[in-house]
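Asker: start24.csv (CSV, C-alpha atoms) pasted underneath:
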chain,number,residue,atom,x,y,z
E,1,ASN,CA,137.0,123.5,47.9
E,2,ILE,CA,138.9,121.2,50.2
E,3,ASN,CA,142.7,121.8,50.3
E,4,SER,CA,144.3,118.4,50.0
E,5,ASP,CA,147.8,119.7,50.7
E,6,PRO,CA,149.4,117.9,53.7
E,7,HIS,CA,149.4,119.8,57.0
E,8,ILE,CA,151.7,119.6,59.9
E,9,ILE,CA,150.1,119.6,63.3
E,10,ILE,CA,152.4,120.4,66.3
E,11,ILE,CA,151.2,119.4,69.7
E,12,LEU,CA,152.9,121.3,72.5
E,13,PRO,CA,153.0,119.9,76.1
E,14,THR,CA,150.9,121.8,78.6
E,15,HIS,CA,152.5,123.5,81.6
E,16,SER,CA,149.9,123.2,84.3
E,17,THR,CA,150.0,124.1,87.9
E,18,VAL,CA,149.6,121.3,90.5
E,19,HIS,CA,147.9,122.7,93.7
E,20,LEU,CA,148.6,121.0,97.0
E,21,ARG,CA,146.0,121.6,99.7
E,22,ASN,CA,144.9,120.2,103.0
E,23,ASP,CA,141.9,118.3,101.9
E,24,SER,CA,140.9,114.6,101.2
E,25,THR,CA,142.9,114.4,98.0
E,26,GLY,CA,145.7,116.9,98.8
E,27,GLY,CA,144.3,119.2,96.2
E,28,ASP,CA,145.7,117.9,92.9
E,29,CYS,CA,148.1,115.5,94.6
E,30,THR,CA,146.4,112.3,93.4
E,31,THR,CA,146.9,113.4,89.8
E,32,VAL,CA,150.7,113.2,90.2
E,33,GLY,CA,151.3,111.0,93.3
E,34,SER,CA,149.9,109.5,96.4
E,35,TRP,CA,148.3,111.5,99.2
E,36,ILE,CA,149.0,110.4,102.7
E,37,GLY,CA,146.4,112.2,104.8
E,38,SER,CA,147.7,111.3,108.2
E,39,THR,CA,150.9,113.2,107.5
E,40,LEU,CA,149.6,115.6,104.9
E,41,THR,CA,152.3,114.3,102.5
E,42,CYS,CA,152.1,114.3,98.7
E,43,ALA,CA,154.5,111.5,97.5
E,44,LEU,CA,155.2,112.0,93.8
E,45,THR,CA,154.9,108.9,91.6
E,46,GLN,CA,155.8,110.7,88.3
E,47,ASN,CA,157.7,113.6,87.0
E,48,ILE,CA,155.9,117.0,86.6
E,49,VAL,CA,156.2,119.6,83.8
E,50,GLY,CA,155.0,122.8,85.3
E,51,THR,CA,154.6,124.4,88.7
E,52,VAL,CA,153.7,122.9,92.1
E,53,GLU,CA,151.9,125.5,94.3
E,54,ILE,CA,151.6,124.9,98.0
E,55,ASN,CA,148.3,126.5,99.1
E,56,ASP,CA,148.1,125.4,102.8
E,57,GLY,CA,150.5,125.0,105.7
E,58,ASN,CA,151.8,121.7,107.2
E,59,ILE,CA,152.1,120.0,103.8
E,60,THR,CA,155.1,117.8,102.8
E,61,LEU,CA,156.1,117.3,99.2
E,62,ASP,CA,158.2,114.2,98.9
E,63,GLY,CA,159.6,114.0,95.4
E,64,GLY,CA,160.9,110.4,95.8
E,65,GLY,CA,163.6,111.2,93.3
E,66,HIS,CA,161.2,112.6,90.7
E,67,SER,CA,161.6,115.9,88.9
E,68,ILE,CA,159.7,119.1,88.4
E,69,SER,CA,160.8,120.9,85.2
E,70,GLY,CA,160.0,124.1,83.2
E,71,PRO,CA,160.1,126.3,81.3
E,72,VAL,CA,157.7,128.5,83.3
E,73,SER,CA,158.2,131.1,86.0
E,74,TYR,CA,158.3,129.0,89.1
E,75,GLY,CA,159.0,125.3,89.9
E,76,ILE,CA,157.7,125.4,93.5
E,77,PHE,CA,155.6,128.3,94.7
E,78,ILE,CA,154.9,129.0,98.4
E,79,PHE,CA,153.1,132.1,99.5
E,80,GLY,CA,152.1,132.6,103.1
E,81,ALA,CA,152.1,128.8,103.9
E,82,SER,CA,154.2,127.7,106.9
E,83,ASN,CA,155.4,124.4,108.2
E,84,VAL,CA,156.0,123.2,104.7
E,85,THR,CA,158.6,120.5,103.8
E,86,ILE,CA,160.0,120.1,100.3
E,87,LYS,CA,162.4,117.1,100.0
E,88,ASN,CA,163.9,114.6,97.5
E,89,VAL,CA,163.0,116.4,94.3
E,90,THR,CA,164.9,117.7,91.3
E,91,ILE,CA,163.8,121.2,90.1
E,92,SER,CA,165.1,122.6,86.9
E,93,GLY,CA,164.4,124.9,83.9
E,94,PHE,CA,162.6,127.7,85.7
E,95,ASP,CA,163.0,131.4,86.2
E,96,ILE,CA,163.0,130.6,89.9
E,97,GLY,CA,163.3,127.0,90.9
E,98,VAL,CA,161.9,127.4,94.5
E,99,TYR,CA,160.0,130.5,95.5
E,100,SER,CA,158.7,131.2,99.0
E,101,SER,CA,157.5,134.4,100.7
E,102,PHE,CA,155.9,135.4,104.0
E,103,SER,CA,156.3,131.9,105.4
E,104,GLY,CA,158.1,130.2,108.2
E,105,SER,CA,159.2,127.0,109.9
E,106,ASN,CA,159.7,125.4,106.5
E,107,THR,CA,162.3,122.7,105.6
E,108,PHE,CA,164.0,122.3,102.2
E,109,SER,CA,166.1,119.2,102.3
E,110,ASP,CA,167.8,116.7,99.9
E,111,ASP,CA,166.7,118.6,96.8
E,112,ARG,CA,168.5,119.1,93.6
E,113,ILE,CA,167.9,122.7,92.2
E,114,LEU,CA,169.7,122.8,88.9
E,115,GLY,CA,169.8,124.9,85.7
E,116,ASN,CA,167.3,127.6,86.6
E,117,VAL,CA,167.8,131.4,86.3
E,118,MET,CA,167.6,131.6,90.1
E,119,GLY,CA,167.8,128.4,92.1
E,120,GLN,CA,165.9,129.4,95.3
E,121,TYR,CA,164.5,132.8,96.2
E,122,SER,CA,163.0,133.3,99.7
E,123,PHE,CA,161.5,136.6,100.8
E,124,GLU,CA,160.6,137.1,104.5
E,125,LEU,CA,161.4,133.5,105.4
E,126,ASN,CA,161.8,132.8,109.1
E,127,SER,CA,162.7,129.9,111.4
E,128,SER,CA,163.4,127.6,108.5
E,129,THR,CA,166.0,125.1,107.5
E,130,ILE,CA,167.7,124.7,104.1
E,131,ARG,CA,170.0,121.6,104.3
E,132,ASN,CA,171.7,118.9,102.3
E,133,ASN,CA,170.6,120.3,98.9
E,134,GLU,CA,172.5,120.5,95.6
E,135,ILE,CA,172.1,124.0,94.2
E,136,SER,CA,174.1,124.1,91.0
E,137,GLY,CA,174.2,125.6,87.5
E,138,ASN,CA,171.7,128.4,88.1
E,139,SER,CA,172.6,131.3,85.8
E,140,ARG,CA,171.9,134.2,88.2
E,141,ASN,CA,172.0,133.1,91.8
E,142,GLY,CA,172.1,129.8,93.6
E,143,LEU,CA,170.3,130.6,96.8
E,144,PHE,CA,168.9,134.1,97.5
E,145,LEU,CA,167.4,134.9,101.0
E,146,ILE,CA,166.2,138.4,101.6
E,147,GLY,CA,163.8,140.4,103.8
E,148,ILE,CA,163.9,142.3,107.1
E,149,GLY,CA,161.7,139.6,108.5
E,150,SER,CA,164.1,136.8,107.5
E,151,ASN,CA,165.2,135.7,110.9
E,152,ASN,CA,166.4,132.5,112.6
E,153,ASN,CA,167.1,130.5,109.5
E,154,SER,CA,169.7,127.7,109.1
E,155,ILE,CA,171.6,127.0,105.9
E,156,ILE,CA,173.5,123.8,106.5
E,157,GLY,CA,175.4,121.2,104.6
E,158,ASN,CA,174.4,122.3,101.1
E,159,THR,CA,176.6,122.1,97.9
E,160,ILE,CA,176.2,125.3,96.1
E,161,SER,CA,178.3,125.3,92.9
E,162,SER,CA,178.7,126.9,89.4
E,163,ASN,CA,176.0,129.5,89.9
E,164,GLY,CA,176.1,133.2,88.8
E,165,ASP,CA,176.9,135.1,85.6
E,166,GLY,CA,179.2,137.8,87.0
E,167,SER,CA,176.6,140.5,87.0
E,168,ALA,CA,176.0,142.7,90.1
E,169,LEU,CA,175.0,140.6,93.1
E,170,SER,CA,175.2,137.3,91.2
E,171,SER,CA,176.5,134.7,93.7
E,172,GLY,CA,176.3,131.2,95.0
E,173,LEU,CA,174.6,132.2,98.3
E,174,HIS,CA,173.2,135.7,99.0
E,175,VAL,CA,171.7,136.5,102.4
E,176,SER,CA,170.3,140.0,103.1
E,177,ALA,CA,168.4,140.3,106.4
E,178,ASN,CA,167.9,142.7,109.3
E,179,SER,CA,170.5,143.2,112.1
E,180,SER,CA,168.8,140.6,114.3
E,181,SER,CA,168.6,137.9,111.7
E,182,ASN,CA,170.4,135.2,113.7
E,183,THR,CA,171.1,133.3,110.5
E,184,VAL,CA,173.3,130.2,110.7
E,185,ILE,CA,175.4,129.3,107.7
E,186,ASP,CA,177.4,126.1,108.5
E,187,SER,CA,179.2,123.3,106.7
E,188,ASN,CA,178.3,124.3,103.1
E,189,THR,CA,180.5,123.8,100.1
E,190,LEU,CA,180.5,126.9,97.8
E,191,ASP,CA,182.5,126.0,94.7
E,192,SER,CA,183.1,127.7,91.3
E,193,ASN,CA,180.4,130.3,91.7
E,194,VAL,CA,180.7,133.5,89.5
E,195,GLY,CA,180.5,136.9,91.0
E,196,SER,CA,180.7,136.1,94.7
E,197,GLY,CA,180.7,132.8,96.6
E,198,LEU,CA,178.9,134.3,99.6
E,199,ILE,CA,177.2,137.7,99.9
E,200,LEU,CA,176.1,138.8,103.4
E,201,ILE,CA,174.2,142.1,103.8
E,202,SER,CA,173.0,143.3,107.2
E,203,ARG,CA,170.3,145.9,107.0
E,204,GLY,CA,171.0,147.5,110.4
E,205,GLN,CA,173.7,149.0,112.6
E,206,PHE,CA,177.3,148.0,111.9
E,207,ASP,CA,177.8,146.6,115.4
E,208,GLN,CA,174.7,144.3,115.1
E,209,PHE,CA,175.9,142.1,112.3
E,210,ASP,CA,174.4,138.7,113.3
E,211,TYR,CA,175.3,136.0,110.9
E,212,GLN,CA,176.9,132.8,112.3
E,213,VAL,CA,179.2,131.6,109.6
E,214,SER,CA,181.3,128.5,110.3
E,215,ASN,CA,182.9,125.4,108.7
E,216,ASN,CA,182.1,126.4,105.1
E,217,ASP,CA,184.4,125.5,102.2
E,218,ILE,CA,184.4,128.5,99.8
E,219,LYS,CA,186.7,127.8,96.8
E,220,ASN,CA,187.4,128.5,93.1
E,221,THR,CA,185.2,131.6,93.1
E,222,VAL,CA,185.4,133.7,89.9
E,223,GLY,CA,185.2,137.0,91.8
E,224,VAL,CA,185.0,137.6,95.5
E,225,GLY,CA,184.9,134.7,97.9
E,226,ILE,CA,183.0,136.4,100.7
E,227,ASP,CA,181.4,139.9,100.2
E,228,ILE,CA,180.2,141.5,103.5
E,229,ARG,CA,178.1,144.7,103.4
E,230,VAL,CA,176.1,146.7,105.9
E,231,SER,CA,173.2,148.9,104.8
E,232,TYR,CA,172.3,151.2,107.6
E,233,PHE,CA,168.8,152.6,108.1
E,234,SER,CA,168.2,155.1,110.9
E,235,GLY,CA,164.5,154.7,111.0
E,236,THR,CA,163.9,158.4,110.8
As structure tokens - that is how I would like this structure written.

Answerer:
Amino acid sequence: NINSDPHIIIILPTHSTVHLRNDSTGGDCTTVGSWIGSTLTCALTQNIVGTVEINDGNITLDGGGHSISGPVSYGIFIFGASNVTIKNVTISGFDIGVYSSFSGSNTFSDDRILGNVMGQYSFELNSSTIRNNEISGNSRNGLFLIGIGSNNNSIIGNTISSNGDGSALSSGLHVSANSSSNTVIDSNTLDSNVGSGLILISRGQFDQFDYQVSNNDIKNTVGVGIDIRVSYFSGT
């Protein structure tokens, strides 16, 4: 017998991963944008629902004002690829908006990282620049930079606001690196974050605290404006 009762069919959007690679089409770039081979640039021509994974170094993702949205684990995922540039894109609705690990000489600029659990999480990031981004409304942390190999990074001119939930280590900006980190934090606005505005942790000797913090506007924090800690390891 054929059941003639009406049925409801629900079609859910797929959350695929767009892979960007150094090849003739930029991996999957041509499915979402234009691939400029001479500069290894993927210029988005549409919004993306899902993850963009950078598989090779020297690639630029130019959002051109388009968005990458969840809900999945990562908005942008970078593992081991260096000399990567992420610019002009809005990233929202993820567990982690921008994830990078074991990479260096990257640039993250003019992005809007909004409404994620954690805005940007970078582990073992070195010699990289995070500048002129809006990092706001992320429920756990705005920008979280950690790792004993996280050295020589610059965090400049960002607006980091309304992040955090008041739980332990929730903050607008959290940097935890080794004693020779040489991290520059300059000309950022940290406004209305919950927990701490800025957390600095040095994993080394007390007299080798090497963060260069200047010209930042830290205000309206629900909690501690600047939280400085030293975690000493003897190496024995």

Asker: Given only C-alpha atoms, how would the per-residue table for segment 85-111 of chain E near segment 156-170 of chain E read, listing every residue at most 12 Å away with its closest atom pair and distance in Å to one decimal, sorted by chain and number, as JSON lines?

Answerer:
{"residue": "E:Thr107", "atom": "CA", "partner": "E:Ile156", "partner_atom": "CA", "distance": 11.3}
{"residue": "E:Phe108", "atom": "CA", "partner": "E:Asn158", "partner_atom": "CA", "distance": 10.5}
{"residue": "E:Ser109", "atom": "CA", "partner": "E:Asn158", "partner_atom": "CA", "distance": 8.9}
{"residue": "E:Asp110", "atom": "CA", "partner": "E:Asn158", "partner_atom": "CA", "distance": 8.7}
{"residue": "E:Asp111", "atom": "CA", "partner": "E:Asn158", "partner_atom": "CA", "distance": 9.6}

Asker: Around (154.9, 132.0, 87.4), as given in the file, which residues come within 12 Å? Count only C-alpha atoms and list them as a VMD selection string.

Answerer: chain E and resid 15 to 17 50 to 53 70 to 78 94 to 99

Asker: Put those residues in a file: C-alpha atoms, as a PDB file, keeping the file's coordinate frame.

Answerer:
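Writing done, so here's result34.pdb:
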ATOM      1  CA  HIS E  15     152.500 123.500  81.600  1.00  0.00           C
ATOM      2  CA  SER E  16     149.900 123.200  84.300  1.00  0.00           C
ATOM      3  CA  THR E  17     150.000 124.100  87.900  1.00  0.00           C
ATOM      4  CA  GLY E  50     155.000 122.800  85.300  1.00  0.00           C
ATOM      5  CA  THR E  51     154.600 124.400  88.700  1.00  0.00           C
ATOM      6  CA  VAL E  52     153.700 122.900  92.100  1.00  0.00           C
ATOM      7  CA  GLU E  53     151.900 125.500  94.300  1.00  0.00           C
ATOM      8  CA  GLY E  70     160.000 124.100  83.200  1.00  0.00           C
ATOM      9  CA  PRO E  71     160.100 126.300  81.300  1.00  0.00           C
ATOM     10  CA  VAL E  72     157.700 128.500  83.300  1.00  0.00           C
ATOM     11  CA  SER E  73     158.200 131.100  86.000  1.00  0.00           C
ATOM     12  CA  TYR E  74     158.300 129.000  89.100  1.00  0.00           C
ATOM     13  CA  GLY E  75     159.000 125.300  89.900  1.00  0.00           C
ATOM     14  CA  ILE E  76     157.700 125.400  93.500  1.00  0.00           C
ATOM     15  CA  PHE E  77     155.600 128.300  94.700  1.00  0.00           C
ATOM     16  CA  ILE E  78     154.900 129.000  98.400  1.00  0.00           C
ATOM     17  CA  PHE E  94     162.600 127.700  85.700  1.00  0.00           C
ATOM     18  CA  ASP E  95     163.000 131.400  86.200  1.00  0.00           C
ATOM     19  CA  ILE E  96     163.000 130.600  89.900  1.00  0.00           C
ATOM     20  CA  GLY E  97     163.300 127.000  90.900  1.00  0.00           C
ATOM     21  CA  VAL E  98     161.900 127.400  94.500  1.00  0.00           C
ATOM     22  CA  TYR E  99     160.000 130.500  95.500  1.00  0.00           C
TER      23      TYR E  99
END

Asker: Using all atoms listed in the file, which residue out of E:Leu198, E:Ala43, E:Val184, E:Ile155 lies closest to Asn141 of chain E?

Answerer: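 Of all the options, E:Leu198 lies closest to Asn141 of chain E.
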
Asker: What's the separation between atom CA of Ile91 of chain E and atom CA of Gly225 of chain E, in Å to one decimal place?

Answerer: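 Atom-to-atom, atom CA of Ile91 of chain E to atom CA of Gly225 of chain E, that is 26.2 Å.
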
Asker: Would you please work out which residue, of E:Gln120, E:Arg112, E:Asn22, E:Gly142, is nearest to Val84 of chain E when using all atoms listed in the file?

Answerer: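 Looking only at the distances to Val84 of chain E, the closest residue turns out to be E:Asn22.
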
Asker: Given the point (147.0, 120.2, 93.9) in the file's coordinates, find the residues that have an atom at most 10 Å from it, counting only C-alpha atoms, and give them as JSON, numbers by chain.

Answerer: {"E": [17, 18, 19, 20, 21, 22, 23, 25, 26, 27, 28, 29, 30, 31, 32, 42, 52, 53, 54, 55]}

Asker: When you count all atoms listed in the file, which of these residues is closest to Lys87 of chain E: E:Asn188, E:Ser101, E:Ser122, E:Asn133?

Answerer: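 That would be E:Asn133, the residue with the smallest distance to Lys87 of chain E.
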
Asker: With only C-alpha atoms as the atoms that count, which of E:Ala177, E:Leu114, E:Ile185, E:Leu200 lies nearest to Asn215 of chain E?

Answerer: E:Ile185

Asker: Measuring between only C-alpha atoms, which one of E:Thr129, E:Tyr211, E:Arg140, E:His174 shows the shortest distance to Gly197 of chain E?

Answerer: E:His174

Asker: Point out the residue among E:Asn58, E:Ser38, E:Ser139, E:Thr221 with the least atom-to-atom distance to Asn106 of chain E, counting only C-alpha atoms.

Answerer: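 Nearest to Asn106 of chain E: E:Asn58.
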
Asker: Tell me, in Å to one decimal, how far atom CA of Ile218 of chain E is from atom CA of Ser196 of chain E.

Answerer: 9.9 Å

Asker: Expressed in Å to a single decimal, how great is the separation between atom CA of Val224 of chain E and atom CA of Gln212 of chain E?

Answerer: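 Between atom CA of Val224 of chain E and atom CA of Gln212 of chain E the gap works out to 19.3 Å.
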
Asker: Place all heavy atoms on segment 38-49 of chain E and deliver the coordinates as a JSON list (two decimals), in the frame of the given file.

Answerer:
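Writing done, so here's selection04.json:
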[["chain", "number", "residue", "atom", "x", "y", "z"],
["E", 38, "SER", "N", 147.32, 111.25, 106.79],
["E", 38, "SER", "CA", 147.70, 111.30, 108.20],
["E", 38, "SER", "C", 148.91, 112.21, 108.43],
["E", 38, "SER", "O", 149.06, 112.77, 109.52],
["E", 38, "SER", "CB", 148.06, 109.88, 108.68],
["E", 38, "SER", "OG", 149.12, 109.32, 107.90],
["E", 39, "THR", "N", 149.76, 112.38, 107.42],
["E", 39, "THR", "CA", 150.90, 113.20, 107.50],
["E", 39, "THR", "C", 150.89, 114.43, 106.58],
["E", 39, "THR", "O", 151.85, 115.20, 106.50],
["E", 39, "THR", "CB", 152.23, 112.45, 107.30],
["E", 39, "THR", "OG1", 152.18, 111.86, 105.99],
["E", 39, "THR", "CG2", 152.41, 111.37, 108.34],
["E", 40, "LEU", "N", 149.79, 114.57, 105.85],
["E", 40, "LEU", "CA", 149.60, 115.60, 104.90],
["E", 40, "LEU", "C", 150.81, 115.64, 103.88],
["E", 40, "LEU", "O", 151.39, 116.68, 103.57],
["E", 40, "LEU", "CB", 149.50, 117.01, 105.54],
["E", 40, "LEU", "CG", 148.36, 117.17, 106.55],
["E", 40, "LEU", "CD1", 148.30, 118.60, 107.06],
["E", 40, "LEU", "CD2", 147.03, 116.77, 105.94],
["E", 41, "THR", "N", 151.14, 114.45, 103.39],
["E", 41, "THR", "CA", 152.30, 114.30, 102.50],
["E", 41, "THR", "C", 151.81, 113.91, 101.09],
["E", 41, "THR", "O", 151.02, 112.97, 100.92],
["E", 41, "THR", "CB", 153.22, 113.17, 103.01],
["E", 41, "THR", "OG1", 153.76, 113.56, 104.27],
["E", 41, "THR", "CG2", 154.37, 112.92, 102.03],
["E", 42, "CYS", "N", 152.32, 114.63, 100.10],
["E", 42, "CYS", "CA", 152.10, 114.30, 98.70],
["E", 42, "CYS", "C", 153.42, 113.60, 98.23],
["E", 42, "CYS", "O", 154.47, 114.25, 98.13],
["E", 42, "CYS", "CB", 151.82, 115.48, 97.84],
["E", 42, "CYS", "SG", 151.51, 115.05, 96.10],
["E", 43, "ALA", "N", 153.36, 112.30, 97.97],
["E", 43, "ALA", "CA", 154.50, 111.50, 97.50],
["E", 43, "ALA", "C", 154.41, 111.37, 95.99],
["E", 43, "ALA", "O", 153.52, 110.67, 95.51],
["E", 43, "ALA", "CB", 154.57, 110.18, 98.18],
["E", 44, "LEU", "N", 155.28, 112.02, 95.26],
["E", 44, "LEU", "CA", 155.20, 112.00, 93.80],
["E", 44, "LEU", "C", 155.45, 110.55, 93.30],
["E", 44, "LEU", "O", 156.32, 109.84, 93.80],
["E", 44, "LEU", "CB", 156.21, 112.92, 93.17],
["E", 44, "LEU", "CG", 156.02, 114.42, 93.40],
["E", 44, "LEU", "CD1", 157.02, 115.21, 92.57],
["E", 44, "LEU", "CD2", 154.60, 114.86, 93.08],
["E", 45, "THR", "N", 154.71, 110.18, 92.27],
["E", 45, "THR", "CA", 154.90, 108.90, 91.60],
["E", 45, "THR", "C", 155.29, 109.12, 90.12],
["E", 45, "THR", "O", 155.42, 108.15, 89.37],
["E", 45, "THR", "CB", 153.67, 108.01, 91.67],
["E", 45, "THR", "OG1", 152.54, 108.72, 91.13],
["E", 45, "THR", "CG2", 153.39, 107.63, 93.12],
["E", 46, "GLN", "N", 155.45, 110.37, 89.71],
["E", 46, "GLN", "CA", 155.80, 110.70, 88.30],
["E", 46, "GLN", "C", 156.47, 112.05, 88.29],
["E", 46, "GLN", "O", 156.41, 112.83, 89.25],
["E", 46, "GLN", "CB", 154.57, 110.70, 87.44],
["E", 46, "GLN", "CG", 153.55, 111.79, 87.82],
["E", 46, "GLN", "CD", 152.28, 111.68, 87.01],
["E", 46, "GLN", "OE1", 151.53, 110.73, 87.12],
["E", 46, "GLN", "NE2", 152.03, 112.69, 86.18],
["E", 47, "ASN", "N", 157.14, 112.32, 87.17],
["E", 47, "ASN", "CA", 157.70, 113.60, 87.00],
["E", 47, "ASN", "C", 156.62, 114.63, 86.59],
["E", 47, "ASN", "O", 155.57, 114.26, 86.06],
["E", 47, "ASN", "CB", 158.77, 113.59, 85.85],
["E", 47, "ASN", "CG", 159.92, 112.67, 86.19],
["E", 47, "ASN", "OD1", 160.28, 112.51, 87.36],
["E", 47, "ASN", "ND2", 160.52, 112.05, 85.19],
["E", 48, "ILE", "N", 156.89, 115.91, 86.85],
["E", 48, "ILE", "CA", 155.90, 117.00, 86.60],
["E", 48, "ILE", "C", 156.56, 117.99, 85.65],
["E", 48, "ILE", "O", 157.72, 118.38, 85.84],
["E", 48, "ILE", "CB", 155.48, 117.66, 87.88],
["E", 48, "ILE", "CG1", 154.73, 116.67, 88.78],
["E", 48, "ILE", "CG2", 154.60, 118.88, 87.59],
["E", 48, "ILE", "CD1", 154.40, 117.23, 90.16],
["E", 49, "VAL", "N", 155.82, 118.43, 84.64],
["E", 49, "VAL", "CA", 156.20, 119.60, 83.80],
["E", 49, "VAL", "C", 155.27, 120.72, 84.20],
["E", 49, "VAL", "O", 154.07, 120.66, 83.91],
["E", 49, "VAL", "CB", 156.11, 119.28, 82.32],
["E", 49, "VAL", "CG1", 156.49, 120.53, 81.51],
["E", 49, "VAL", "CG2", 157.04, 118.12, 81.95]]
